[in-house]
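All remarks here apply to the structure that follows.
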Amino acid sequence: MVTGEVGAGKTVSVRTCLDALDPSKYSVICIPNPMIGVRGIHEQIVNAFGQPPHPPTSAPG
């Protein structure tokens with residue numbers, strides 16, 4: 001998590017760090033809206049790797 005005042009350079013700092021990563025070893029996933037919930041975040045990650053999400057399962061009972 002990166003926090004700071006508007007205009008402090010958060011985005012530039014993060015992008016600089018990401019650009020230094022070896023793309024053959026790392027996959028960067030941007031989730032611009034974390035308010036989508038845990039399931040939504042999981043779906044974003046699965047979609048980023050090109051896989052279809054599994055349909056929801058019902059609770060046992």
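Ordered as shown in the structure tokens, chains take letters A, B, and onward, while each chain numbers its residues from 1 and ligands are numbered from 1 in the order shown.
All residues within chain A that the backbone DSSP calculation assigns to helix (DSSP H, G or I) are A:Lys10, A:Thr11, A:Val12, A:Ser13, A:Val14, A:Arg15, A:Thr16, A:Cys17, A:Leu18, A:Asp19, A:Pro34, A:Met35, A:Ile36, A:Gly37, A:Val38, A:Arg39, A:Gly40, A:Ile41, A:His42, A:Glu43, A:Gln44, A:Ile45, A:Val46, A:Asn47, A:Ala48.
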(request) Considering only C-alpha atoms, state which residue in the set A:Val6, A:Val12, A:Met1, A:Ile45 is at the smallest distance from Cys30 (chain A). (result) A:Ile45
(request) Find the spatial neighbours of Gly4 (chain A), counting only C-alpha atoms, within a cut-off of 12 Å - ignore same-chain residues fewer than 6 positions away - and output them as JSON, numbers by chain. (result) {"A": [10, 11, 13]}
(message) Could you list, as number ranges by chain, every residue within 12 Å of Ala48 (chain A), counting only C-alpha atoms and ignoring same-chain residues fewer than 6 positions away?
(response) A: 27-31, 41-42
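CA of Gly40 (chain A) to CA of Pro52 (chain A) spans 12.9 Å [interatomic distance, one decimal].
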